[in-house]
Amino acid sequence: MAGLPDPVAPPPLDAKPIVQVDWLEFVAFFSRRGVSRLDRLDNAMIVQEEESPIDDAEADAIVDDRRALIEDEVEKRVKSLGDVYPFYMSDDGEELRLKPAADRRGGVFYLLCLVISHFTNSPILRLLPSDANIAEARKRQFQTLATYAVAGMVKGPTISMGWPRSDKEPLLDVLNRMRELGSSGVPKTKPGGEASPKAKDGGMDIIAWEIAINHLPPPAAMWFGQVASGHNWAGKSAKGEIDNFLWAYYDERPQTNYNAVTIIPHRLADDDYLRNSARHGHILDRLKTPKAAERGYTLAKTGGIHVDGIEHVSSISRWVYDYRRAGMAA
């Protein structure tokens, strides 16, 4: 691994607390001790600030304000994710630490989201995986994680539609399998004219349904999910595709309510939700996706709920920790 760059670069002066905390998490993630010191961030920022010197009192105030905002952002992550958040602040507030492996239950889901969210346009991540590993993380690992997350949100059976499906199962076969699992509706024998001839997933990455109280069809509601790992996620929504999907692939639609969800690895600010929720229906971001994924995985393992890809959870861990080892070697 000789000659590799440092895994992370100092955040720019105008970086917001979300990016600054991401930087602290990356440093701890790549550290052999699993520790990231806030004074290292202070020093990195001071070096950049020296280009426009300020007096000591103002400099101290800037550091205090930055630390207060960082602590607030870490607290938001802890409050939203609970035990699934794989980091914690030291008692003196000077270090962000990676939890010991035994205490990181579900933490790998967060770590995968963190890494993927910085694959492109990152101001801090220098050490990128190979193109093949990036493609695997997006198409395989995040698709699997997103399937768990929708299962955890819906608390019902969840099917991975995203292509390439590991077993190349034809789309209409998937819909018939869903019917056998209780989703109801009658799929067509061949796609209708509304379907694209090249469509492998019909524009849907995940379909899940809420089980009715008596466990009989039809379900209480069906959820159609779009998995979007890139920064252009806002333009990808299942909400506008539901009606066309049902026309293209069903002779008789499932008689239930239809909802949409978009699953992303990014940490969204509040105004991002306000701008995009109407278009997407519901959004699972980095403050929600990992916790929902842990819940979905648990439901599949102990609650008897069918969730596609449950056998692939170890591949998520393997990908994340292979990448960590590459960064530690650098």
# chains A, B, ... in the order shown; residues from 1 in each chain; ligands from 1

call {"tool": "residues_around", "arguments": {"residues": "segment 282-295 of chain A", "least_positions_apart": "5", "cutoff": "10 Å", "atoms": "only C-alpha atoms", "output": "PyMOL selection string"}}
result
chain A and resi 76-85+105-114+117+144-155+225-227+237+239+259-269+273+276-277+300-301

call {"tool": "write_last_selection", "arguments": {"atoms": "C-alpha atoms", "output": "mmCIF file, in the first residue's frame"}}
result
data_model
loop_
_atom_site.group_PDB
_atom_site.id
_atom_site.type_symbol
_atom_site.label_atom_id
_atom_site.label_comp_id
_atom_site.auth_asym_id
_atom_site.auth_seq_id
_atom_site.Cartn_x
_atom_site.Cartn_y
_atom_site.Cartn_z
ATOM 1 C CA LYS A 76 -28.110 14.864 16.785
ATOM 2 C CA ARG A 77 -26.530 11.712 15.396
ATOM 3 C CA VAL A 78 -26.493 10.010 18.778
ATOM 4 C CA LYS A 79 -30.099 10.981 19.490
ATOM 5 C CA SER A 80 -31.370 9.832 16.097
ATOM 6 C CA LEU A 81 -29.365 6.603 15.774
ATOM 7 C CA GLY A 82 -28.931 5.482 19.378
ATOM 8 C CA ASP A 83 -26.773 2.398 19.788
ATOM 9 C CA VAL A 84 -26.394 2.041 16.003
ATOM 10 C CA TYR A 85 -24.175 5.163 15.913
ATOM 11 C CA ARG A 105 -24.058 -3.614 16.659
ATOM 12 C CA GLY A 106 -25.475 -2.201 13.444
ATOM 13 C CA GLY A 107 -22.643 0.322 13.269
ATOM 14 C CA VAL A 108 -21.434 -1.110 9.968
ATOM 15 C CA PHE A 109 -24.648 0.164 8.370
ATOM 16 C CA TYR A 110 -23.745 3.698 9.415
ATOM 17 C CA LEU A 111 -20.140 3.319 8.292
ATOM 18 C CA LEU A 112 -21.177 2.142 4.826
ATOM 19 C CA CYS A 113 -23.444 5.194 4.487
ATOM 20 C CA LEU A 114 -20.650 7.504 5.647
ATOM 21 C CA SER A 117 -21.759 9.594 0.787
ATOM 22 C CA THR A 144 -28.854 -4.730 0.492
ATOM 23 C CA LEU A 145 -28.663 -2.198 3.320
ATOM 24 C CA ALA A 146 -31.522 -0.159 1.819
ATOM 25 C CA THR A 147 -33.687 -3.300 1.617
ATOM 26 C CA TYR A 148 -33.139 -3.888 5.338
ATOM 27 C CA ALA A 149 -33.922 -0.214 6.024
ATOM 28 C CA VAL A 150 -37.258 -0.283 4.209
ATOM 29 C CA ALA A 151 -38.139 -3.506 6.048
ATOM 30 C CA GLY A 152 -37.344 -1.777 9.335
ATOM 31 C CA MET A 153 -39.467 1.232 8.429
ATOM 32 C CA VAL A 154 -42.462 -0.740 7.091
ATOM 33 C CA LYS A 155 -42.121 -3.664 9.539
ATOM 34 C CA GLY A 225 -38.497 2.407 -2.867
ATOM 35 C CA GLN A 226 -35.812 4.157 -4.879
ATOM 36 C CA VAL A 227 -32.200 3.591 -3.820
ATOM 37 C CA SER A 237 -37.984 9.243 -6.956
ATOM 38 C CA LYS A 239 -43.306 8.372 -6.293
ATOM 39 C CA ASN A 259 -46.459 5.079 -0.707
ATOM 40 C CA ALA A 260 -42.944 6.011 -1.831
ATOM 41 C CA VAL A 261 -39.597 6.188 -0.076
ATOM 42 C CA THR A 262 -36.114 7.186 -1.218
ATOM 43 C CA ILE A 263 -33.105 5.714 0.581
ATOM 44 C CA ILE A 264 -29.835 7.663 0.529
ATOM 45 C CA PRO A 265 -26.512 7.483 2.419
ATOM 46 C CA HIS A 266 -26.180 11.260 2.860
ATOM 47 C CA ARG A 267 -26.769 13.315 5.989
ATOM 48 C CA LEU A 268 -29.450 15.799 4.990
ATOM 49 C CA ALA A 269 -29.913 19.202 6.555
ATOM 50 C CA TYR A 273 -36.091 17.621 3.718
ATOM 51 C CA ASN A 276 -37.569 17.308 -1.371
ATOM 52 C CA SER A 277 -40.100 15.465 0.791
ATOM 53 C CA ALA A 300 -35.882 -10.868 9.518
ATOM 54 C CA LYS A 301 -33.658 -12.848 11.886
#

call {"tool": "closest_atom_pairs", "arguments": {"of": "segment 64-140 of chain A", "to": "segment 158-182 of chain A", "cutoff": "12 Å", "atoms": "only C-alpha atoms", "output": "CSV"}}
result
residue,atom,partner,partner_atom,distance
A:Ala135,CA,A:Pro164,CA,11.5
A:Glu136,CA,A:Pro164,CA,10.8
A:Arg138,CA,A:Gly162,CA,10.9
A:Lys139,CA,A:Pro164,CA,7.6
A:Arg140,CA,A:Pro164,CA,8.4

call {"tool": "write_last_selection", "arguments": {"atoms": "N, CA and C atoms", "output": "CSV table (one decimal), in the first residue's frame"}}
result
chain,number,residue,atom,x,y,z
A,135,ALA,N,-18.5,0.5,-7.5
A,135,ALA,CA,-19.7,0.0,-8.1
A,135,ALA,C,-20.3,-1.1,-7.2
A,136,GLU,N,-19.5,-2.0,-6.6
A,136,GLU,CA,-20.0,-3.0,-5.8
A,136,GLU,C,-20.7,-2.4,-4.5
A,138,ARG,N,-22.2,0.4,-4.2
A,138,ARG,CA,-23.4,1.1,-4.6
A,138,ARG,C,-24.5,0.0,-5.0
A,139,LYS,N,-24.1,-0.9,-5.9
A,139,LYS,CA,-25.1,-1.8,-6.5
A,139,LYS,C,-25.4,-3.0,-5.6
A,140,ARG,N,-24.5,-3.4,-4.8
A,140,ARG,CA,-24.7,-4.6,-4.0
A,140,ARG,C,-24.9,-4.2,-2.5

call {"tool": "residues_around", "arguments": {"residues": "segment 248-252 of chain A", "least_positions_apart": "6", "cutoff": "7 Å", "atoms": "only C-alpha atoms", "output": "list of chain:residue names"}}
result
A:Gly185, A:Val186, A:Pro187, A:Lys188, A:Pro191, A:Gly192, A:Gly193, A:Glu194, A:Ala195

call {"tool": "write_last_selection", "arguments": {"atoms": "C-alpha atoms", "output": "mmCIF file, in the first residue's frame"}}
result
data_model
loop_
_atom_site.group_PDB
_atom_site.id
_atom_site.type_symbol
_atom_site.label_atom_id
_atom_site.label_comp_id
_atom_site.auth_asym_id
_atom_site.auth_seq_id
_atom_site.Cartn_x
_atom_site.Cartn_y
_atom_site.Cartn_z
ATOM 1 C CA GLY A 185 -52.594 -8.314 -6.838
ATOM 2 C CA VAL A 186 -52.375 -10.357 -10.070
ATOM 3 C CA PRO A 187 -49.202 -9.797 -12.149
ATOM 4 C CA LYS A 188 -49.331 -9.919 -15.931
ATOM 5 C CA PRO A 191 -45.008 -6.836 -19.347
ATOM 6 C CA GLY A 192 -47.521 -4.377 -20.761
ATOM 7 C CA GLY A 193 -46.783 -1.755 -23.368
ATOM 8 C CA GLU A 194 -46.042 0.809 -20.644
ATOM 9 C CA ALA A 195 -42.910 -1.131 -19.636
#

call {"tool": "select_by_dssp", "arguments": {"residues": "segment 108-324 of chain A", "states": "strand (DSSP E or B)", "output": "NGL selection string"}}
result
:A and (125 or 158-160 or 186-187 or 206-210 or 221-227 or 250-252 or 257-263 or 283-284 or 307)

call {"tool": "residues_around", "arguments": {"residues": "Asp72 of chain A", "least_positions_apart": "3", "cutoff": "12 Å", "atoms": "only C-alpha atoms", "output": "PyMOL selection string"}}
result
chain A and resi 17-18+20-21+65-69+75-79+89+93

call {"tool": "closest_residue", "arguments": {"among": "A:Asp103, A:Tyr88, A:Asp60, A:Pro219", "to": "Ala28 of chain A", "atoms": "only C-alpha atoms"}}
result
A:Tyr88

call {"tool": "atom_distance", "arguments": {"atom1": "atom CA of Ala330 of chain A", "atom2": "atom CA of Asp6 of chain A"}}
result
6.1 Å

call {"tool": "atom_distance", "arguments": {"atom1": "atom CA of Ile70 of chain A", "atom2": "atom CA of Met45 of chain A"}}
result
13.7 Å

call {"tool": "residues_around", "arguments": {"residues": "Phe29 of chain A", "least_positions_apart": "5", "cutoff": "9 Å", "atoms": "only C-alpha atoms", "output": "ChimeraX atom specification"}}
result
/A:24,34-36,97-98,111,324,327-328

call {"tool": "atom_distance", "arguments": {"atom1": "atom CA of Glu241 of chain A", "atom2": "atom CA of Gln255 of chain A"}}
result
17.4 Å

call {"tool": "residues_around", "arguments": {"residues": "Pro10 of chain A", "least_positions_apart": "4", "cutoff": "12 Å", "atoms": "only C-alpha atoms", "output": "PyMOL selection string"}}
result
chain A and resi 6+14-15+19-24+26-27+40-48+122-126

call {"tool": "write_last_selection", "arguments": {"atoms": "N, CA and C atoms", "output": "short mmCIF file (atom, residue, chain, number, x, y, z; two decimals), in the first residue's frame"}}
result
data_model
loop_
_atom_site.label_atom_id
_atom_site.label_comp_id
_atom_site.auth_asym_id
_atom_site.auth_seq_id
_atom_site.Cartn_x
_atom_site.Cartn_y
_atom_site.Cartn_z
N ASP A 6 -2.78 10.26 2.26
CA ASP A 6 -3.50 10.24 3.52
C ASP A 6 -4.98 10.04 3.22
N ASP A 14 -14.74 26.86 5.07
CA ASP A 14 -16.17 27.11 5.02
C ASP A 14 -17.00 25.84 5.24
N ALA A 15 -16.36 24.74 5.66
CA ALA A 15 -17.09 23.50 5.88
C ALA A 15 -18.10 23.66 7.01
N VAL A 19 -19.96 18.36 7.71
CA VAL A 19 -18.71 17.91 7.09
C VAL A 19 -17.61 17.78 8.13
N GLN A 20 -17.56 18.71 9.09
CA GLN A 20 -16.53 18.64 10.12
C GLN A 20 -16.67 17.38 10.97
N VAL A 21 -17.90 17.02 11.29
CA VAL A 21 -18.10 15.78 12.07
C VAL A 21 -17.80 14.55 11.20
N ASP A 22 -18.17 14.60 9.93
CA ASP A 22 -17.78 13.51 9.02
C ASP A 22 -16.27 13.32 9.03
N TRP A 23 -15.54 14.45 9.01
CA TRP A 23 -14.07 14.39 9.04
C TRP A 23 -13.59 13.70 10.31
N LEU A 24 -14.14 14.09 11.45
CA LEU A 24 -13.75 13.46 12.71
C LEU A 24 -14.04 11.97 12.68
N PHE A 26 -14.20 10.00 9.99
CA PHE A 26 -13.25 9.34 9.10
C PHE A 26 -11.89 9.16 9.78
N VAL A 27 -11.42 10.19 10.47
CA VAL A 27 -10.12 10.09 11.15
C VAL A 27 -10.16 8.97 12.18
N ARG A 40 -6.88 18.36 16.82
CA ARG A 40 -6.29 18.16 15.50
C ARG A 40 -7.09 18.91 14.44
N LEU A 41 -8.40 18.91 14.60
CA LEU A 41 -9.25 19.70 13.70
C LEU A 41 -8.98 21.18 13.90
N ASP A 42 -8.87 21.61 15.17
CA ASP A 42 -8.56 23.03 15.45
C ASP A 42 -7.28 23.44 14.76
N ASN A 43 -6.24 22.61 14.88
CA ASN A 43 -4.95 22.95 14.29
C ASN A 43 -5.03 23.02 12.77
N ALA A 44 -5.78 22.08 12.17
CA ALA A 44 -5.92 22.08 10.72
C ALA A 44 -6.61 23.35 10.25
N MET A 45 -7.58 23.82 11.01
CA MET A 45 -8.28 25.04 10.63
C MET A 45 -7.41 26.27 10.86
N ILE A 46 -6.59 26.26 11.93
CA ILE A 46 -5.71 27.40 12.22
C ILE A 46 -4.72 27.60 11.08
N VAL A 47 -4.18 26.50 10.56
CA VAL A 47 -3.22 26.61 9.45
C VAL A 47 -3.85 27.35 8.29
N GLN A 48 -5.10 27.04 7.99
CA GLN A 48 -5.78 27.72 6.89
C GLN A 48 -6.12 29.16 7.25
N SER A 122 -16.38 14.96 -2.61
CA SER A 122 -16.05 15.08 -1.19
C SER A 122 -14.93 16.10 -0.99
N PRO A 123 -15.09 17.02 -0.05
CA PRO A 123 -14.00 17.95 0.25
C PRO A 123 -12.97 17.36 1.20
N ILE A 124 -13.21 16.14 1.71
CA ILE A 124 -12.31 15.59 2.74
C ILE A 124 -11.75 14.21 2.43
N LEU A 125 -12.49 13.35 1.71
CA LEU A 125 -12.02 11.98 1.51
C LEU A 125 -11.07 11.91 0.33
N ARG A 126 -9.82 11.49 0.60
CA ARG A 126 -8.80 11.39 -0.45
C ARG A 126 -8.67 9.97 -1.00
#

call {"tool": "select_by_dssp", "arguments": {"residues": "segment 144-325 of chain A", "states": "helix (DSSP H, G or I)", "output": "mmCIF file with C-alpha atoms, in the first residue's frame"}}
result
data_model
loop_
_atom_site.group_PDB
_atom_site.id
_atom_site.type_symbol
_atom_site.label_atom_id
_atom_site.label_comp_id
_atom_site.auth_asym_id
_atom_site.auth_seq_id
_atom_site.Cartn_x
_atom_site.Cartn_y
_atom_site.Cartn_z
ATOM 1 C CA THR A 144 -28.854 -4.730 0.492
ATOM 2 C CA LEU A 145 -28.663 -2.198 3.320
ATOM 3 C CA ALA A 146 -31.522 -0.159 1.819
ATOM 4 C CA THR A 147 -33.687 -3.300 1.617
ATOM 5 C CA TYR A 148 -33.139 -3.888 5.338
ATOM 6 C CA ALA A 149 -33.922 -0.214 6.024
ATOM 7 C CA VAL A 150 -37.258 -0.283 4.209
ATOM 8 C CA ALA A 151 -38.139 -3.506 6.048
ATOM 9 C CA GLY A 152 -37.344 -1.777 9.335
ATOM 10 C CA MET A 153 -39.467 1.232 8.429
ATOM 11 C CA VAL A 154 -42.462 -0.740 7.091
ATOM 12 C CA LEU A 171 -39.255 -9.213 -12.701
ATOM 13 C CA LEU A 172 -42.626 -10.896 -13.157
ATOM 14 C CA ASP A 173 -41.340 -13.903 -11.209
ATOM 15 C CA VAL A 174 -40.457 -11.494 -8.397
ATOM 16 C CA LEU A 175 -44.005 -10.103 -8.411
ATOM 17 C CA ASN A 176 -45.482 -13.601 -8.293
ATOM 18 C CA ARG A 177 -43.173 -14.448 -5.397
ATOM 19 C CA MET A 178 -44.451 -11.319 -3.644
ATOM 20 C CA ARG A 179 -48.038 -12.490 -4.174
ATOM 21 C CA GLU A 180 -47.218 -15.823 -2.557
ATOM 22 C CA LEU A 181 -45.788 -13.912 0.399
ATOM 23 C CA TRP A 233 -30.473 11.623 -5.619
ATOM 24 C CA ALA A 234 -33.034 14.445 -5.548
ATOM 25 C CA GLY A 235 -33.951 13.773 -9.181
ATOM 26 C CA LYS A 239 -43.306 8.372 -6.293
ATOM 27 C CA GLY A 240 -43.882 9.455 -9.875
ATOM 28 C CA GLU A 241 -43.311 5.938 -11.241
ATOM 29 C CA ILE A 242 -45.792 3.953 -9.162
ATOM 30 C CA ASP A 243 -48.813 4.294 -11.428
ATOM 31 C CA ASN A 244 -46.883 3.397 -14.576
ATOM 32 C CA PHE A 245 -45.305 0.409 -12.815
ATOM 33 C CA LEU A 246 -48.694 -0.945 -11.804
ATOM 34 C CA TRP A 247 -50.109 -0.484 -15.306
ATOM 35 C CA ALA A 248 -47.094 -2.182 -16.864
ATOM 36 C CA TYR A 249 -46.850 -5.250 -14.641
ATOM 37 C CA ASP A 270 -33.427 20.208 7.618
ATOM 38 C CA ASP A 271 -33.969 22.430 4.584
ATOM 39 C CA ASP A 272 -33.117 19.493 2.285
ATOM 40 C CA TYR A 273 -36.091 17.621 3.718
ATOM 41 C CA LEU A 274 -38.374 20.603 3.217
ATOM 42 C CA ARG A 275 -37.331 20.972 -0.428
ATOM 43 C CA ASN A 276 -37.569 17.308 -1.371
ATOM 44 C CA SER A 277 -40.100 15.465 0.791
ATOM 45 C CA ALA A 278 -43.132 16.310 -1.359
ATOM 46 C CA ARG A 279 -41.434 14.879 -4.438
ATOM 47 C CA HIS A 280 -40.124 11.754 -2.720
ATOM 48 C CA THR A 289 -31.251 4.545 7.249
ATOM 49 C CA PRO A 290 -28.759 2.737 9.556
ATOM 50 C CA LYS A 291 -31.201 2.450 12.464
ATOM 51 C CA ALA A 292 -34.006 1.307 10.174
ATOM 52 C CA ALA A 293 -31.633 -1.244 8.609
ATOM 53 C CA GLU A 294 -30.715 -2.680 11.997
ATOM 54 C CA ARG A 295 -34.417 -2.972 12.846
ATOM 55 C CA GLY A 296 -35.181 -4.648 9.506
ATOM 56 C CA TYR A 297 -32.331 -7.100 9.888
ATOM 57 C CA THR A 298 -33.525 -8.006 13.393
ATOM 58 C CA LEU A 299 -37.113 -8.463 12.190
ATOM 59 C CA ALA A 300 -35.882 -10.868 9.518
ATOM 60 C CA LYS A 301 -33.658 -12.848 11.886
ATOM 61 C CA THR A 302 -35.954 -13.072 14.890
ATOM 62 C CA ILE A 310 -30.614 -11.162 4.714
ATOM 63 C CA GLU A 311 -27.895 -13.728 4.036
ATOM 64 C CA HIS A 312 -25.632 -11.025 2.587
ATOM 65 C CA VAL A 313 -25.120 -8.974 5.759
ATOM 66 C CA SER A 314 -21.567 -10.298 6.181
ATOM 67 C CA SER A 315 -20.597 -8.908 2.772
ATOM 68 C CA ILE A 316 -21.439 -5.397 3.999
ATOM 69 C CA SER A 317 -19.094 -5.816 6.964
ATOM 70 C CA ARG A 318 -16.401 -7.313 4.768
ATOM 71 C CA TRP A 319 -16.536 -4.407 2.311
ATOM 72 C CA VAL A 320 -16.422 -1.756 5.046
ATOM 73 C CA TYR A 321 -13.557 -3.270 6.996
ATOM 74 C CA ASP A 322 -11.512 -4.131 3.912
ATOM 75 C CA TYR A 323 -11.737 -0.447 3.047
ATOM 76 C CA ARG A 324 -10.761 0.537 6.589
ATOM 77 C CA ARG A 325 -7.694 -1.662 6.441
#

call {"tool": "closest_residue", "arguments": {"among": "A:Met222, A:Asp131, A:Asp39, A:Arg104", "to": "Asn257 of chain A", "atoms": "only C-alpha atoms"}}
result
A:Met222

call {"tool": "decode", "arguments": {"residues": "segment 6-111 of chain A", "atoms": "C-alpha atoms", "output": "mmCIF file, in the first residue's frame"}}
result
data_model
loop_
_atom_site.group_PDB
_atom_site.id
_atom_site.type_symbol
_atom_site.label_atom_id
_atom_site.label_comp_id
_atom_site.auth_asym_id
_atom_site.auth_seq_id
_atom_site.Cartn_x
_atom_site.Cartn_y
_atom_site.Cartn_z
ATOM 1 C CA ASP A 6 -3.498 10.238 3.523
ATOM 2 C CA PRO A 7 -7.074 8.953 3.679
ATOM 3 C CA VAL A 8 -8.585 12.321 4.594
ATOM 4 C CA ALA A 9 -7.794 15.965 3.927
ATOM 5 C CA PRO A 10 -8.507 18.783 6.393
ATOM 6 C CA PRO A 11 -12.003 20.226 5.936
ATOM 7 C CA PRO A 12 -12.076 23.592 4.169
ATOM 8 C CA LEU A 13 -12.596 26.748 6.200
ATOM 9 C CA ASP A 14 -16.172 27.108 5.020
ATOM 10 C CA ALA A 15 -17.086 23.497 5.883
ATOM 11 C CA LYS A 16 -20.319 23.163 7.798
ATOM 12 C CA PRO A 17 -20.577 21.128 11.029
ATOM 13 C CA ILE A 18 -21.956 18.127 9.088
ATOM 14 C CA VAL A 19 -18.707 17.911 7.085
ATOM 15 C CA GLN A 20 -16.525 18.644 10.125
ATOM 16 C CA VAL A 21 -18.099 15.780 12.065
ATOM 17 C CA ASP A 22 -17.782 13.509 9.024
ATOM 18 C CA TRP A 23 -14.070 14.388 9.037
ATOM 19 C CA LEU A 24 -13.749 13.463 12.712
ATOM 20 C CA GLU A 25 -15.531 10.171 12.015
ATOM 21 C CA PHE A 26 -13.246 9.338 9.100
ATOM 22 C CA VAL A 27 -10.125 10.085 11.155
ATOM 23 C CA ALA A 28 -11.356 7.807 13.951
ATOM 24 C CA PHE A 29 -12.414 5.162 11.434
ATOM 25 C CA PHE A 30 -8.947 5.015 9.845
ATOM 26 C CA SER A 31 -7.050 5.383 13.143
ATOM 27 C CA ARG A 32 -5.567 2.210 14.595
ATOM 28 C CA ARG A 33 -6.713 3.413 18.018
ATOM 29 C CA GLY A 34 -10.108 4.485 16.697
ATOM 30 C CA VAL A 35 -9.627 8.030 18.016
ATOM 31 C CA SER A 36 -10.040 11.470 16.479
ATOM 32 C CA ARG A 37 -8.985 14.519 18.525
ATOM 33 C CA LEU A 38 -10.819 17.812 18.184
ATOM 34 C CA ASP A 39 -7.604 19.767 18.692
ATOM 35 C CA ARG A 40 -6.291 18.156 15.495
ATOM 36 C CA LEU A 41 -9.247 19.696 13.704
ATOM 37 C CA ASP A 42 -8.565 23.026 15.454
ATOM 38 C CA ASN A 43 -4.948 22.952 14.287
ATOM 39 C CA ALA A 44 -5.921 22.084 10.716
ATOM 40 C CA MET A 45 -8.283 25.041 10.635
ATOM 41 C CA ILE A 46 -5.711 27.396 12.218
ATOM 42 C CA VAL A 47 -3.221 26.609 9.454
ATOM 43 C CA GLN A 48 -5.777 27.721 6.891
ATOM 44 C CA GLU A 49 -6.836 30.751 8.933
ATOM 45 C CA GLU A 50 -3.232 32.017 9.097
ATOM 46 C CA GLU A 51 -3.689 33.336 5.583
ATOM 47 C CA SER A 52 -5.950 35.993 7.124
ATOM 48 C CA PRO A 53 -4.626 36.513 10.690
ATOM 49 C CA ILE A 54 -6.998 37.489 13.506
ATOM 50 C CA ASP A 55 -6.367 38.388 17.140
ATOM 51 C CA ASP A 56 -6.223 35.728 19.853
ATOM 52 C CA ALA A 57 -9.569 36.602 21.442
ATOM 53 C CA GLU A 58 -11.398 36.292 18.147
ATOM 54 C CA ALA A 59 -9.540 33.060 17.363
ATOM 55 C CA ASP A 60 -10.614 31.544 20.703
ATOM 56 C CA ALA A 61 -14.209 32.556 20.050
ATOM 57 C CA ILE A 62 -14.119 30.899 16.625
ATOM 58 C CA VAL A 63 -12.806 27.658 18.150
ATOM 59 C CA ASP A 64 -15.456 27.731 20.887
ATOM 60 C CA ASP A 65 -18.244 28.320 18.371
ATOM 61 C CA ARG A 66 -16.970 25.562 16.090
ATOM 62 C CA ARG A 67 -16.770 23.074 18.950
ATOM 63 C CA ALA A 68 -20.263 23.933 20.146
ATOM 64 C CA LEU A 69 -21.668 23.297 16.672
ATOM 65 C CA ILE A 70 -19.709 20.031 16.384
ATOM 66 C CA GLU A 71 -21.000 18.822 19.736
ATOM 67 C CA ASP A 72 -24.545 19.701 18.665
ATOM 68 C CA GLU A 73 -24.160 17.732 15.404
ATOM 69 C CA VAL A 74 -22.724 14.687 17.194
ATOM 70 C CA GLU A 75 -25.600 14.855 19.665
ATOM 71 C CA LYS A 76 -28.110 14.864 16.785
ATOM 72 C CA ARG A 77 -26.530 11.712 15.396
ATOM 73 C CA VAL A 78 -26.493 10.010 18.778
ATOM 74 C CA LYS A 79 -30.099 10.981 19.490
ATOM 75 C CA SER A 80 -31.370 9.832 16.097
ATOM 76 C CA LEU A 81 -29.365 6.603 15.774
ATOM 77 C CA GLY A 82 -28.931 5.482 19.378
ATOM 78 C CA ASP A 83 -26.773 2.398 19.788
ATOM 79 C CA VAL A 84 -26.394 2.041 16.003
ATOM 80 C CA TYR A 85 -24.175 5.163 15.913
ATOM 81 C CA PRO A 86 -20.671 3.639 16.009
ATOM 82 C CA PHE A 87 -18.905 6.640 17.599
ATOM 83 C CA TYR A 88 -19.022 8.421 20.944
ATOM 84 C CA MET A 89 -17.579 11.547 22.509
ATOM 85 C CA SER A 90 -15.082 11.222 25.340
ATOM 86 C CA ASP A 91 -16.216 12.593 28.712
ATOM 87 C CA ASP A 92 -13.975 15.645 28.354
ATOM 88 C CA GLY A 93 -15.296 16.376 24.850
ATOM 89 C CA GLU A 94 -11.796 16.277 23.354
ATOM 90 C CA GLU A 95 -12.073 13.077 21.335
ATOM 91 C CA LEU A 96 -14.528 11.335 19.032
ATOM 92 C CA ARG A 97 -13.950 7.620 19.389
ATOM 93 C CA LEU A 98 -14.951 4.555 17.396
ATOM 94 C CA LYS A 99 -16.761 2.129 19.674
ATOM 95 C CA PRO A 100 -15.132 -1.247 20.380
ATOM 96 C CA ALA A 101 -16.170 -3.916 17.884
ATOM 97 C CA ALA A 102 -18.351 -5.683 20.466
ATOM 98 C CA ASP A 103 -20.385 -2.475 20.949
ATOM 99 C CA ARG A 104 -20.855 -1.625 17.266
ATOM 100 C CA ARG A 105 -24.058 -3.614 16.659
ATOM 101 C CA GLY A 106 -25.475 -2.201 13.444
ATOM 102 C CA GLY A 107 -22.643 0.322 13.269
ATOM 103 C CA VAL A 108 -21.434 -1.110 9.968
ATOM 104 C CA PHE A 109 -24.648 0.164 8.370
ATOM 105 C CA TYR A 110 -23.745 3.698 9.415
ATOM 106 C CA LEU A 111 -20.140 3.319 8.292
#
